[in-house]
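Undergrad: The file below is target_16.pdb, PDB, C-alpha atoms:
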```pdb
ATOM      1  CA  MET A  24    -102.587 -61.431 -61.568
ATOM      2  CA  GLY A  25    -102.974 -61.393 -65.352
ATOM      3  CA  ASN A  26    -106.514 -59.985 -65.034
ATOM      4  CA  LEU A  27    -105.341 -57.256 -62.662
ATOM      5  CA  LEU A  28    -102.625 -56.267 -65.143
ATOM      6  CA  LYS A  29    -105.226 -56.078 -67.910
ATOM      7  CA  VAL A  30    -107.417 -53.801 -65.780
ATOM      8  CA  LEU A  31    -104.490 -51.537 -64.909
ATOM      9  CA  THR A  32    -103.373 -51.383 -68.546
ATOM     10  CA  ARG A  33    -106.905 -50.594 -69.630
ATOM     11  CA  GLU A  34    -107.108 -47.836 -67.013
ATOM     12  CA  ILE A  35    -103.907 -46.248 -68.318
ATOM     13  CA  GLU A  36    -105.159 -46.568 -71.878
ATOM     14  CA  ASN A  37    -108.381 -44.742 -70.933
ATOM     15  CA  TYR A  38    -106.324 -41.617 -70.300
ATOM     16  CA  PRO A  39    -104.304 -40.033 -73.122
ATOM     17  CA  HIS A  40    -100.571 -40.572 -72.723
ATOM     18  CA  PHE A  41     -97.700 -39.410 -74.914
ATOM     19  CA  PHE A  42     -94.526 -37.396 -74.385
ATOM     20  CA  LEU A  43     -95.089 -33.657 -74.691
ATOM     21  CA  ASP A  44     -91.698 -32.043 -75.199
ATOM     22  CA  PHE A  45     -91.914 -28.993 -72.938
ATOM     23  CA  GLU A  46     -88.183 -28.340 -73.348
ATOM     24  CA  ASN A  47     -87.597 -28.471 -77.093
ATOM     25  CA  ALA A  48     -90.904 -28.279 -79.014
ATOM     26  CA  GLN A  49     -90.512 -26.085 -82.102
ATOM     27  CA  PRO A  50     -93.369 -24.762 -84.267
ATOM     28  CA  THR A  51     -94.155 -26.416 -87.592
ATOM     29  CA  ASP A  52     -95.108 -24.207 -90.548
ATOM     30  CA  GLY A  53     -98.800 -24.789 -89.767
ATOM     31  CA  GLU A  54     -98.360 -23.589 -86.169
ATOM     32  CA  ARG A  55     -96.023 -20.682 -86.832
ATOM     33  CA  GLU A  56     -98.530 -17.846 -87.289
ATOM     34  CA  VAL A  57    -100.410 -18.511 -84.036
ATOM     35  CA  TRP A  58     -97.146 -19.446 -82.267
ATOM     36  CA  ASN A  59     -95.600 -16.050 -83.172
ATOM     37  CA  GLN A  60     -98.680 -14.214 -81.955
ATOM     38  CA  ILE A  61     -98.637 -16.014 -78.554
ATOM     39  CA  SER A  62     -94.863 -15.745 -78.298
ATOM     40  CA  ALA A  63     -95.090 -11.944 -78.548
ATOM     41  CA  VAL A  64     -97.323 -11.961 -75.446
ATOM     42  CA  LEU A  65     -95.356 -14.550 -73.469
ATOM     43  CA  GLN A  66     -92.038 -12.743 -73.941
ATOM     44  CA  ASP A  67     -93.254 -10.147 -71.397
ATOM     45  CA  SER A  68     -94.389 -12.700 -68.805
ATOM     46  CA  GLU A  69     -91.076 -13.022 -66.924
ATOM     47  CA  SER A  70     -90.715  -9.246 -66.530
ATOM     48  CA  MET A  71     -94.305  -9.095 -65.211
ATOM     49  CA  LEU A  72     -93.484 -11.715 -62.581
ATOM     50  CA  ALA A  73     -90.227  -9.987 -61.612
ATOM     51  CA  ASP A  74     -92.094  -6.689 -61.305
ATOM     52  CA  LEU A  75     -94.814  -8.262 -59.153
ATOM     53  CA  GLN A  76     -92.235  -9.999 -56.971
ATOM     54  CA  ALA A  77     -90.507  -6.667 -56.369
ATOM     55  CA  TYR A  78     -93.803  -4.926 -55.488
ATOM     56  CA  LYS A  79     -93.385  -3.553 -51.969
ATOM     57  CA  GLY A  80     -96.426  -1.276 -51.667
ATOM     58  CA  ALA A  81     -96.862   2.061 -49.929
ATOM     59  CA  GLY A  82     -98.226   0.738 -46.629
ATOM     60  CA  GLN A  83     -96.168   2.977 -44.331
ATOM     61  CA  GLU A  84     -96.803   6.165 -46.322
ATOM     62  CA  ILE A  85    -100.558   5.415 -46.411
ATOM     63  CA  ARG A  86    -100.681   4.745 -42.655
ATOM     64  CA  ASP A  87     -98.830   8.013 -41.930
ATOM     65  CA  ALA A  88    -101.230   9.956 -44.164
ATOM     66  CA  ILE A  89    -104.346   8.427 -42.580
ATOM     67  CA  GLN A  90    -103.093   9.026 -39.034
ATOM     68  CA  ASN A  91    -102.234  12.674 -39.819
ATOM     69  CA  PRO A  92    -105.088  13.878 -42.074
ATOM     70  CA  ASN A  93    -104.125  17.559 -41.737
ATOM     71  CA  ASP A  94    -100.471  17.116 -42.638
ATOM     72  CA  ILE A  95    -100.371  18.107 -46.320
ATOM     73  CA  GLN A  96     -96.785  16.931 -46.719
ATOM     74  CA  LEU A  97     -97.635  13.388 -45.570
ATOM     75  CA  GLN A  98    -100.724  13.358 -47.844
ATOM     76  CA  GLU A  99     -98.536  14.291 -50.797
ATOM     77  CA  LYS A 100     -95.893  11.753 -49.875
ATOM     78  CA  ALA A 101     -98.489   8.943 -49.747
ATOM     79  CA  TRP A 102    -100.071  10.067 -53.017
ATOM     80  CA  ASN A 103     -96.715  10.300 -54.798
ATOM     81  CA  SER A 104     -95.818   6.795 -53.569
ATOM     82  CA  VAL A 105     -99.133   5.250 -54.652
ATOM     83  CA  CYS A 106     -99.421   6.753 -58.157
ATOM     84  CA  PRO A 107     -96.479   4.894 -59.779
ATOM     85  CA  LEU A 108     -97.696   1.684 -58.121
ATOM     86  CA  VAL A 109    -101.150   2.120 -59.643
ATOM     87  CA  VAL A 110     -99.563   2.580 -63.075
ATOM     88  CA  ARG A 111     -97.723  -0.699 -62.474
ATOM     89  CA  LEU A 112    -100.969  -2.431 -61.446
ATOM     90  CA  LYS A 113    -102.553  -1.146 -64.645
ATOM     91  CA  ARG A 114     -99.755  -2.799 -66.619
ATOM     92  CA  PHE A 115    -100.448  -6.175 -64.965
ATOM     93  CA  TYR A 116    -104.157  -5.773 -65.690
ATOM     94  CA  GLU A 117    -103.518  -4.894 -69.339
ATOM     95  CA  PHE A 118    -101.271  -7.937 -69.633
ATOM     96  CA  SER A 119    -104.187 -10.107 -68.446
ATOM     97  CA  LEU A 120    -106.240  -8.788 -71.392
ATOM     98  CA  ARG A 121    -103.466  -9.738 -73.817
ATOM     99  CA  LEU A 122    -103.274 -13.177 -72.199
ATOM    100  CA  GLU A 123    -107.030 -13.584 -72.593
ATOM    101  CA  LYS A 124    -106.785 -12.965 -76.348
ATOM    102  CA  ALA A 125    -103.783 -15.279 -76.631
ATOM    103  CA  LEU A 126    -105.622 -18.119 -74.890
ATOM    104  CA  GLN A 127    -108.625 -17.766 -77.193
ATOM    105  CA  SER A 128    -106.364 -18.003 -80.282
ATOM    106  CA  LEU A 129    -104.716 -21.103 -78.833
ATOM    107  CA  LEU A 130    -108.028 -22.775 -78.015
ATOM    108  CA  GLU A 131    -109.197 -22.095 -81.549
ATOM    109  CA  SER A 132    -106.139 -23.901 -82.937
ATOM    110  CA  LEU A 133    -106.186 -26.786 -80.455
ATOM    111  CA  THR A 134    -109.891 -27.652 -80.668
ATOM    112  CA  CYS A 135    -110.834 -27.196 -84.341
ATOM    113  CA  PRO A 136    -112.023 -30.188 -86.416
ATOM    114  CA  PRO A 137    -111.117 -32.600 -87.936
ATOM    115  CA  TYR A 138    -108.601 -33.571 -85.232
ATOM    116  CA  THR A 139    -109.423 -34.579 -81.666
ATOM    117  CA  PRO A 140    -107.875 -32.524 -78.828
ATOM    118  CA  THR A 141    -105.440 -35.414 -78.184
ATOM    119  CA  GLN A 142    -104.324 -35.408 -81.826
ATOM    120  CA  HIS A 143    -103.945 -31.613 -81.751
ATOM    121  CA  LEU A 144    -101.760 -31.638 -78.620
ATOM    122  CA  GLU A 145     -99.614 -34.465 -79.965
ATOM    123  CA  ARG A 146     -99.212 -32.936 -83.442
ATOM    124  CA  GLU A 147     -98.925 -29.274 -82.425
ATOM    125  CA  GLN A 148     -96.498 -29.572 -79.546
ATOM    126  CA  ALA A 149     -95.168 -26.018 -79.819
ATOM    127  CA  LEU A 150     -98.701 -24.622 -79.328
ATOM    128  CA  ALA A 151     -99.312 -27.101 -76.496
ATOM    129  CA  LYS A 152     -96.107 -25.829 -74.884
ATOM    130  CA  GLU A 153     -97.327 -22.210 -75.162
ATOM    131  CA  PHE A 154    -100.621 -23.211 -73.586
ATOM    132  CA  ALA A 155     -98.603 -24.787 -70.770
ATOM    133  CA  GLU A 156     -96.525 -21.598 -70.411
ATOM    134  CA  ILE A 157     -99.691 -19.507 -70.038
ATOM    135  CA  LEU A 158    -100.906 -21.826 -67.256
ATOM    136  CA  HIS A 159     -97.483 -21.814 -65.612
ATOM    137  CA  PHE A 160     -97.370 -18.007 -65.638
ATOM    138  CA  THR A 161    -100.941 -17.790 -64.306
ATOM    139  CA  LEU A 162    -100.270 -19.940 -61.255
ATOM    140  CA  ARG A 163     -97.051 -18.097 -60.447
ATOM    141  CA  PHE A 164     -98.679 -14.673 -60.839
ATOM    142  CA  ASP A 165    -101.643 -15.578 -58.636
ATOM    143  CA  GLU A 166     -99.367 -17.146 -56.013
ATOM    144  CA  LEU A 167     -97.413 -13.874 -55.744
ATOM    145  CA  LYS A 168    -100.566 -11.752 -55.735
ATOM    146  CA  MET A 169    -102.162 -13.814 -52.942
ATOM    147  CA  ARG A 170     -99.091 -13.294 -50.780
ATOM    148  CA  ASN A 171     -99.133  -9.514 -51.251
ATOM    149  CA  PRO A 172    -101.978  -7.692 -49.442
ATOM    150  CA  ALA A 173    -100.316  -4.350 -50.285
ATOM    151  CA  ILE A 174    -101.790  -4.503 -53.800
ATOM    152  CA  GLN A 175    -105.386  -4.141 -52.670
ATOM    153  CA  ASN A 176    -104.529  -1.707 -49.873
ATOM    154  CA  ASP A 177    -102.680   0.596 -52.300
ATOM    155  CA  PHE A 178    -105.461   0.459 -54.848
ATOM    156  CA  SER A 179    -108.202   1.104 -52.253
ATOM    157  CA  TYR A 180    -106.319   4.157 -51.004
ATOM    158  CA  TYR A 181    -105.938   5.382 -54.588
ATOM    159  CA  ARG A 182    -109.677   5.037 -55.256
ATOM    160  CA  ARG A 183    -110.668   6.772 -52.004
ATOM    161  CA  THR A 184    -108.350   9.685 -52.760
ATOM    162  CA  ILE A 185    -109.653  10.045 -56.316
ATOM    163  CA  SER A 186    -113.280  10.009 -55.077
ATOM    164  CA  ARG A 187    -112.502  12.648 -52.464
ATOM    165  CA  ASN A 188    -110.893  14.882 -55.078
ATOM    166  CA  ARG A 189    -113.776  14.376 -57.470
ATOM    167  CA  ILE A 190    -116.163  15.617 -54.778
ATOM    168  CA  ASN A 191    -113.937  18.711 -54.511
ATOM    169  CA  ASN A 192    -113.994  19.075 -58.337
ATOM    170  CA  MET A 193    -110.260  18.443 -58.623
ATOM    171  CA  HIS A 194    -108.830  16.559 -61.597
ATOM    172  CA  LEU A 195    -105.513  14.805 -61.045
ATOM    173  CA  ASP A 196    -103.009  14.050 -63.818
ATOM    174  CA  ILE A 197    -103.026  10.323 -63.096
ATOM    175  CA  GLU A 198    -106.689  10.182 -64.148
ATOM    176  CA  ASN A 199    -105.479  10.581 -67.726
ATOM    177  CA  GLU A 200    -103.559   7.332 -67.188
ATOM    178  CA  VAL A 201    -106.123   5.448 -65.057
ATOM    179  CA  ASN A 202    -109.583   6.910 -65.637
ATOM    180  CA  ASN A 203    -112.680   5.942 -63.666
ATOM    181  CA  GLU A 204    -113.753   3.164 -66.026
ATOM    182  CA  MET A 205    -110.261   1.630 -66.025
ATOM    183  CA  ALA A 206    -110.129   1.906 -62.207
ATOM    184  CA  ASN A 207    -113.474   0.062 -61.949
ATOM    185  CA  ARG A 208    -112.253  -2.773 -64.160
ATOM    186  CA  MET A 209    -108.940  -3.005 -62.282
ATOM    187  CA  SER A 210    -110.838  -3.049 -59.006
ATOM    188  CA  LEU A 211    -112.856  -6.114 -60.090
ATOM    189  CA  PHE A 212    -109.680  -7.807 -61.326
ATOM    190  CA  TYR A 213    -107.714  -7.332 -58.078
ATOM    191  CA  ALA A 214    -110.712  -8.215 -55.889
ATOM    192  CA  GLU A 215    -110.329 -11.814 -57.140
ATOM    193  CA  ALA A 216    -108.154 -14.093 -55.000
ATOM    194  CA  THR A 217    -106.653 -15.505 -58.220
ATOM    195  CA  PRO A 218    -107.171 -12.804 -60.876
ATOM    196  CA  MET A 219    -105.174 -14.356 -63.731
ATOM    197  CA  LEU A 220    -106.883 -17.714 -63.299
ATOM    198  CA  LYS A 221    -110.250 -15.950 -63.319
ATOM    199  CA  THR A 222    -109.196 -14.254 -66.575
ATOM    200  CA  LEU A 223    -108.335 -17.624 -68.181
ATOM    201  CA  SER A 224    -111.516 -19.186 -66.860
ATOM    202  CA  ASN A 225    -113.640 -16.342 -68.276
ATOM    203  CA  ALA A 226    -111.753 -16.485 -71.585
ATOM    204  CA  THR A 227    -112.371 -20.240 -71.882
ATOM    205  CA  THR A 228    -116.058 -19.936 -70.966
ATOM    206  CA  HIS A 229    -116.401 -17.075 -73.463
ATOM    207  CA  PHE A 230    -114.675 -19.164 -76.141
ATOM    208  CA  VAL A 231    -117.167 -22.004 -75.564
ATOM    209  CA  SER A 232    -120.212 -19.712 -75.708
ATOM    210  CA  GLU A 233    -118.933 -17.881 -78.817
ATOM    211  CA  ASN A 234    -118.271 -21.110 -80.734
ATOM    212  CA  LYS A 235    -121.716 -22.651 -80.583
ATOM    213  CA  THR A 236    -121.032 -25.147 -83.387
ATOM    214  CA  LEU A 237    -118.053 -26.568 -81.487
ATOM    215  CA  PRO A 238    -119.076 -29.129 -78.832
ATOM    216  CA  ILE A 239    -118.017 -28.033 -75.315
ATOM    217  CA  GLU A 240    -116.239 -31.432 -75.030
ATOM    218  CA  ASN A 241    -113.659 -30.314 -77.598
ATOM    219  CA  THR A 242    -112.565 -27.592 -75.168
ATOM    220  CA  THR A 243    -112.855 -29.547 -71.920
ATOM    221  CA  ASP A 244    -111.165 -32.592 -73.535
ATOM    222  CA  CYS A 245    -108.266 -30.367 -74.539
ATOM    223  CA  LEU A 246    -107.867 -29.441 -70.843
ATOM    224  CA  SER A 247    -108.319 -32.974 -69.480
ATOM    225  CA  THR A 248    -105.877 -34.347 -72.073
ATOM    226  CA  MET A 249    -103.240 -31.835 -70.998
ATOM    227  CA  ALA A 250    -103.748 -32.835 -67.334
ATOM    228  CA  SER A 251    -103.479 -36.546 -68.176
ATOM    229  CA  VAL A 252    -100.366 -36.093 -70.287
ATOM    230  CA  CYS A 253     -98.640 -34.132 -67.500
ATOM    231  CA  LYS A 254     -99.586 -36.754 -64.899
ATOM    232  CA  VAL A 255     -98.329 -39.657 -67.065
ATOM    233  CA  MET A 256     -95.050 -37.838 -67.807
ATOM    234  CA  LEU A 257     -94.514 -37.224 -64.081
ATOM    235  CA  GLU A 258     -95.214 -40.807 -63.008
ATOM    236  CA  THR A 259     -93.421 -42.616 -65.869
ATOM    237  CA  PRO A 260     -89.652 -42.921 -65.283
ATOM    238  CA  GLU A 261     -89.007 -43.347 -69.007
ATOM    239  CA  TYR A 262     -90.652 -39.944 -69.721
ATOM    240  CA  ARG A 263     -89.239 -38.201 -66.649
ATOM    241  CA  SER A 264     -85.713 -39.212 -67.606
ATOM    242  CA  ARG A 265     -86.098 -37.350 -70.913
ATOM    243  CA  PHE A 266     -86.342 -34.010 -69.112
ATOM    244  CA  THR A 267     -82.919 -32.454 -68.732
ATOM    245  CA  SER A 268     -83.822 -30.149 -65.835
ATOM    246  CA  GLU A 269     -85.572 -30.422 -62.463
ATOM    247  CA  GLU A 270     -87.257 -27.119 -63.314
ATOM    248  CA  THR A 271     -89.184 -28.901 -66.109
ATOM    249  CA  LEU A 272     -90.678 -31.315 -63.556
ATOM    250  CA  MET A 273     -91.889 -28.347 -61.497
ATOM    251  CA  PHE A 274     -93.210 -26.753 -64.670
ATOM    252  CA  CYS A 275     -95.068 -29.972 -65.499
ATOM    253  CA  MET A 276     -96.654 -30.137 -62.028
ATOM    254  CA  ARG A 277     -97.717 -26.510 -62.139
ATOM    255  CA  VAL A 278     -99.256 -26.952 -65.592
ATOM    256  CA  MET A 279    -101.121 -30.073 -64.451
ATOM    257  CA  VAL A 280    -102.611 -28.210 -61.484
ATOM    258  CA  GLY A 281    -103.408 -25.120 -63.563
ATOM    259  CA  VAL A 282    -105.258 -27.120 -66.172
ATOM    260  CA  ILE A 283    -107.207 -29.080 -63.510
ATOM    261  CA  ILE A 284    -108.362 -25.820 -61.919
ATOM    262  CA  LEU A 285    -109.314 -24.393 -65.305
ATOM    263  CA  TYR A 286    -111.233 -27.584 -66.175
ATOM    264  CA  ASP A 287    -113.000 -27.438 -62.812
ATOM    265  CA  HIS A 288    -114.162 -23.867 -63.488
ATOM    266  CA  VAL A 289    -115.248 -24.478 -67.084
ATOM    267  CA  HIS A 290    -116.729 -27.995 -67.059
ATOM    268  CA  PRO A 291    -120.398 -28.121 -65.948
ATOM    269  CA  VAL A 292    -119.740 -30.750 -63.239
ATOM    270  CA  GLY A 293    -116.044 -30.016 -62.689
ATOM    271  CA  ALA A 294    -112.870 -32.069 -62.250
ATOM    272  CA  PHE A 295    -113.781 -33.979 -59.082
ATOM    273  CA  SER A 296    -116.959 -35.820 -60.118
ATOM    274  CA  LYS A 297    -116.964 -39.519 -61.040
ATOM    275  CA  THR A 298    -117.707 -38.590 -64.671
ATOM    276  CA  SER A 299    -114.678 -36.269 -64.908
ATOM    277  CA  LYS A 300    -112.154 -37.198 -67.591
ATOM    278  CA  ILE A 301    -109.290 -36.318 -65.240
ATOM    279  CA  ASP A 302    -107.849 -38.993 -62.962
ATOM    280  CA  MET A 303    -107.892 -36.769 -59.883
ATOM    281  CA  LYS A 304    -106.670 -39.457 -57.476
ATOM    282  CA  GLY A 305    -103.707 -40.141 -59.762
ATOM    283  CA  CYS A 306    -102.890 -36.431 -60.109
ATOM    284  CA  ILE A 307    -103.017 -35.797 -56.345
ATOM    285  CA  LYS A 308    -100.945 -38.948 -55.709
ATOM    286  CA  VAL A 309     -98.234 -37.730 -58.125
ATOM    287  CA  LEU A 310     -98.061 -34.392 -56.264
ATOM    288  CA  LYS A 311     -97.922 -36.061 -52.851
ATOM    289  CA  GLU A 312     -94.948 -38.168 -53.941
ATOM    290  CA  GLN A 313     -92.837 -35.006 -54.376
ATOM    291  CA  PRO A 314     -90.925 -33.229 -51.548
ATOM    292  CA  PRO A 315     -93.683 -31.480 -49.508
ATOM    293  CA  ASP A 316     -92.116 -27.995 -49.604
ATOM    294  CA  THR A 317     -92.121 -28.001 -53.437
ATOM    295  CA  VAL A 318     -95.805 -28.915 -53.844
ATOM    296  CA  GLU A 319     -97.594 -27.399 -50.834
ATOM    297  CA  GLY A 320     -98.512 -24.293 -52.846
ATOM    298  CA  LEU A 321     -99.925 -26.477 -55.646
ATOM    299  CA  LEU A 322    -101.962 -28.625 -53.237
ATOM    300  CA  ASN A 323    -103.294 -25.415 -51.689
ATOM    301  CA  ALA A 324    -104.274 -24.186 -55.145
ATOM    302  CA  LEU A 325    -106.360 -27.375 -55.575
ATOM    303  CA  ARG A 326    -107.827 -26.964 -52.085
ATOM    304  CA  PHE A 327    -108.740 -23.304 -52.283
ATOM    305  CA  THR A 328    -109.080 -22.156 -55.900
ATOM    306  CA  THR A 329    -111.121 -24.977 -57.447
ATOM    307  CA  LYS A 330    -114.889 -24.664 -57.758
ATOM    308  CA  HIS A 331    -116.298 -28.171 -57.172
ATOM    309  CA  LEU A 332    -114.041 -29.783 -54.535
ATOM    310  CA  ASN A 333    -116.676 -29.419 -51.819
ATOM    311  CA  ASP A 334    -119.590 -30.600 -53.960
ATOM    312  CA  GLU A 335    -121.493 -33.599 -52.620
ATOM    313  CA  SER A 336    -120.537 -35.550 -55.741
ATOM    314  CA  THR A 337    -116.807 -35.387 -54.815
ATOM    315  CA  SER A 338    -115.707 -38.699 -53.315
ATOM    316  CA  LYS A 339    -114.649 -38.792 -49.672
ATOM    317  CA  GLN A 340    -111.378 -40.388 -50.752
ATOM    318  CA  ILE A 341    -110.405 -37.389 -52.918
ATOM    319  CA  ARG A 342    -111.392 -34.953 -50.167
ATOM    320  CA  ALA A 343    -109.352 -36.948 -47.648
ATOM    321  CA  MET A 344    -106.321 -36.845 -49.975
ATOM    322  CA  LEU A 345    -106.495 -33.029 -49.962
ATOM    323  CA  GLN A 346    -107.065 -32.654 -46.207
TER     324      GLN A 346
END
```
Show me this structure written as structure tokens.

TA:
Amino acid sequence: MGNLLKVLTREIENYPHFFLDFENAQPTDGEREVWNQISAVLQDSESMLADLQAYKGAGQEIRDAIQNPNDIQLQEKAWNSVCPLVVRLKRFYEFSLRLEKALQSLLESLTCPPYTPTQHLEREQALAKEFAEILHFTLRFDELKMRNPAIQNDFSYYRRTISRNRINNMHLDIENEVNNEMANRMSLFYAEATPMLKTLSNATTHFVSENKTLPIENTTDCLSTMASVCKVMLETPEYRSRFTSEETLMFCMRVMVGVIILYDHVHPVGAFSKTSKIDMKGCIKVLKEQPPDTVEGLLNALRFTTKHLNDESTSKQIRAMLQ
């Protein structure tokens, strides 16, 4: 029994564990400059989500216009419905670019020598919290986008109409707002199943390739540490009891899943291999212990938006847990 306890203790000690105060962390003087910069981006995140949630699309108007190609009034009605929606989609896309920059600033702060990623996250809790908020926003945004096929339908109709008018040498006012180059970039963004996650993944990969003197482990360890800390806080009653709201537990779960997915996209062999620094069995177990309706979306995110789950190196046990 004593030996088993030693093994279990050693296993816990292998993974970083400390309390990360997602509810009350405040920036120190050393964090303040970067914290302010990220905070200015994050303050718009809730309005972006509310706007996306309220996005209804112009499906009916588009169908009417396609079915009655000679009815000018219906063509105009569809076009006038789609244009403001495209401007809204541009706003979401532009926000992803701001988020990309914000993440790179954060990674710079949380991975730079002489501290290890664990020391950074423990010392700079306000920055760690902002990193968590970016991940939390990303998962929520992508969840809403995946459930809304109108976004791609509206944008496809917009692009077809613009192309048709270009052939007829017509220039429309909206092209001043969303020109061809912008439309191409938006098209690539919305073609992704999880566009915000793809943005974060690209930003992290870009950060690694730009900072050649910084070992890739500094970045991937920052991600795996965040996942481990979230898992330990969720499974340790003493830590859980320090959260004052149920919403923080959900936040913690979402952040854990977001950071696992990011790690899986950025790390050469991913989150599911035996050499991964993330305790995937432990993370999945923690999720499965929650009420099913609260975590089904998160389990689906692990099933469908990770990169290496179906690799041969992934153990059968982990795959079975996500069946």

Undergrad: Which one is closest to His288 in chain A: A:Lys339, A:Lys221, A:Arg86, A:Lys113? Count only C-alpha atoms.

TA: A:Lys221

Undergrad: Running the PyMOL selection byres ((chain A and resi 269-278) around 10) on this model by hand, what would come out? Give it as a PDB file with C-alpha atoms, keeping the file's coordinate frame.

TA:
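Now in selection-v4.pdb:
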```pdb
ATOM      1  CA  LEU A  43     -95.089 -33.657 -74.691  1.00  0.00           C
ATOM      2  CA  ASP A  44     -91.698 -32.043 -75.199  1.00  0.00           C
ATOM      3  CA  PHE A  45     -91.914 -28.993 -72.938  1.00  0.00           C
ATOM      4  CA  GLU A  46     -88.183 -28.340 -73.348  1.00  0.00           C
ATOM      5  CA  LYS A 152     -96.107 -25.829 -74.884  1.00  0.00           C
ATOM      6  CA  PHE A 154    -100.621 -23.211 -73.586  1.00  0.00           C
ATOM      7  CA  ALA A 155     -98.603 -24.787 -70.770  1.00  0.00           C
ATOM      8  CA  GLU A 156     -96.525 -21.598 -70.411  1.00  0.00           C
ATOM      9  CA  ILE A 157     -99.691 -19.507 -70.038  1.00  0.00           C
ATOM     10  CA  LEU A 158    -100.906 -21.826 -67.256  1.00  0.00           C
ATOM     11  CA  HIS A 159     -97.483 -21.814 -65.612  1.00  0.00           C
ATOM     12  CA  PHE A 160     -97.370 -18.007 -65.638  1.00  0.00           C
ATOM     13  CA  THR A 161    -100.941 -17.790 -64.306  1.00  0.00           C
ATOM     14  CA  LEU A 162    -100.270 -19.940 -61.255  1.00  0.00           C
ATOM     15  CA  ARG A 163     -97.051 -18.097 -60.447  1.00  0.00           C
ATOM     16  CA  MET A 249    -103.240 -31.835 -70.998  1.00  0.00           C
ATOM     17  CA  ALA A 250    -103.748 -32.835 -67.334  1.00  0.00           C
ATOM     18  CA  VAL A 252    -100.366 -36.093 -70.287  1.00  0.00           C
ATOM     19  CA  CYS A 253     -98.640 -34.132 -67.500  1.00  0.00           C
ATOM     20  CA  LYS A 254     -99.586 -36.754 -64.899  1.00  0.00           C
ATOM     21  CA  MET A 256     -95.050 -37.838 -67.807  1.00  0.00           C
ATOM     22  CA  LEU A 257     -94.514 -37.224 -64.081  1.00  0.00           C
ATOM     23  CA  ARG A 263     -89.239 -38.201 -66.649  1.00  0.00           C
ATOM     24  CA  PHE A 266     -86.342 -34.010 -69.112  1.00  0.00           C
ATOM     25  CA  THR A 267     -82.919 -32.454 -68.732  1.00  0.00           C
ATOM     26  CA  SER A 268     -83.822 -30.149 -65.835  1.00  0.00           C
ATOM     27  CA  MET A 279    -101.121 -30.073 -64.451  1.00  0.00           C
ATOM     28  CA  VAL A 280    -102.611 -28.210 -61.484  1.00  0.00           C
ATOM     29  CA  GLY A 281    -103.408 -25.120 -63.563  1.00  0.00           C
ATOM     30  CA  VAL A 282    -105.258 -27.120 -66.172  1.00  0.00           C
ATOM     31  CA  ILE A 283    -107.207 -29.080 -63.510  1.00  0.00           C
ATOM     32  CA  ILE A 284    -108.362 -25.820 -61.919  1.00  0.00           C
ATOM     33  CA  CYS A 306    -102.890 -36.431 -60.109  1.00  0.00           C
ATOM     34  CA  VAL A 309     -98.234 -37.730 -58.125  1.00  0.00           C
ATOM     35  CA  LEU A 310     -98.061 -34.392 -56.264  1.00  0.00           C
ATOM     36  CA  GLN A 313     -92.837 -35.006 -54.376  1.00  0.00           C
ATOM     37  CA  THR A 317     -92.121 -28.001 -53.437  1.00  0.00           C
ATOM     38  CA  VAL A 318     -95.805 -28.915 -53.844  1.00  0.00           C
ATOM     39  CA  GLY A 320     -98.512 -24.293 -52.846  1.00  0.00           C
ATOM     40  CA  LEU A 321     -99.925 -26.477 -55.646  1.00  0.00           C
ATOM     41  CA  ALA A 324    -104.274 -24.186 -55.145  1.00  0.00           C
TER      42      ALA A 324
END
```

Undergrad: Using all atoms listed in the file, pick whichever of A:Asp165, A:Glu131, A:Glu145, A:Asp316 has the shortest atom-to-atom distance to Ser119 in chain A.

TA: A:Asp165

Undergrad: Between CA of Ala216 in chain A and CA of Arg183 in chain A, measure the distance and give it in Å to one decimal.

TA: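 CA of Arg183 in chain A lies at a distance of 21.2 Å from CA of Ala216 in chain A.
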
Undergrad: So that I can check the surroundings of Pro140 in chain A, please list as a list of chain:residue names every protein, DNA and RNA residue that reaches within 8 Å of it, counting all atoms listed in the file and ignoring chain neighbours fewer than 6 positions away.

TA: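 Close residues of Pro140 in chain A: A:Leu133, A:Thr134, A:Asn241, A:Thr242, A:Asp244, A:Cys245, A:Thr248.
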
Undergrad: Could you list, as a count of residues only, every residue matched by the PyMOL selection byres ((chain A and resi 58-60) around 12) in this structure?

TA: 34
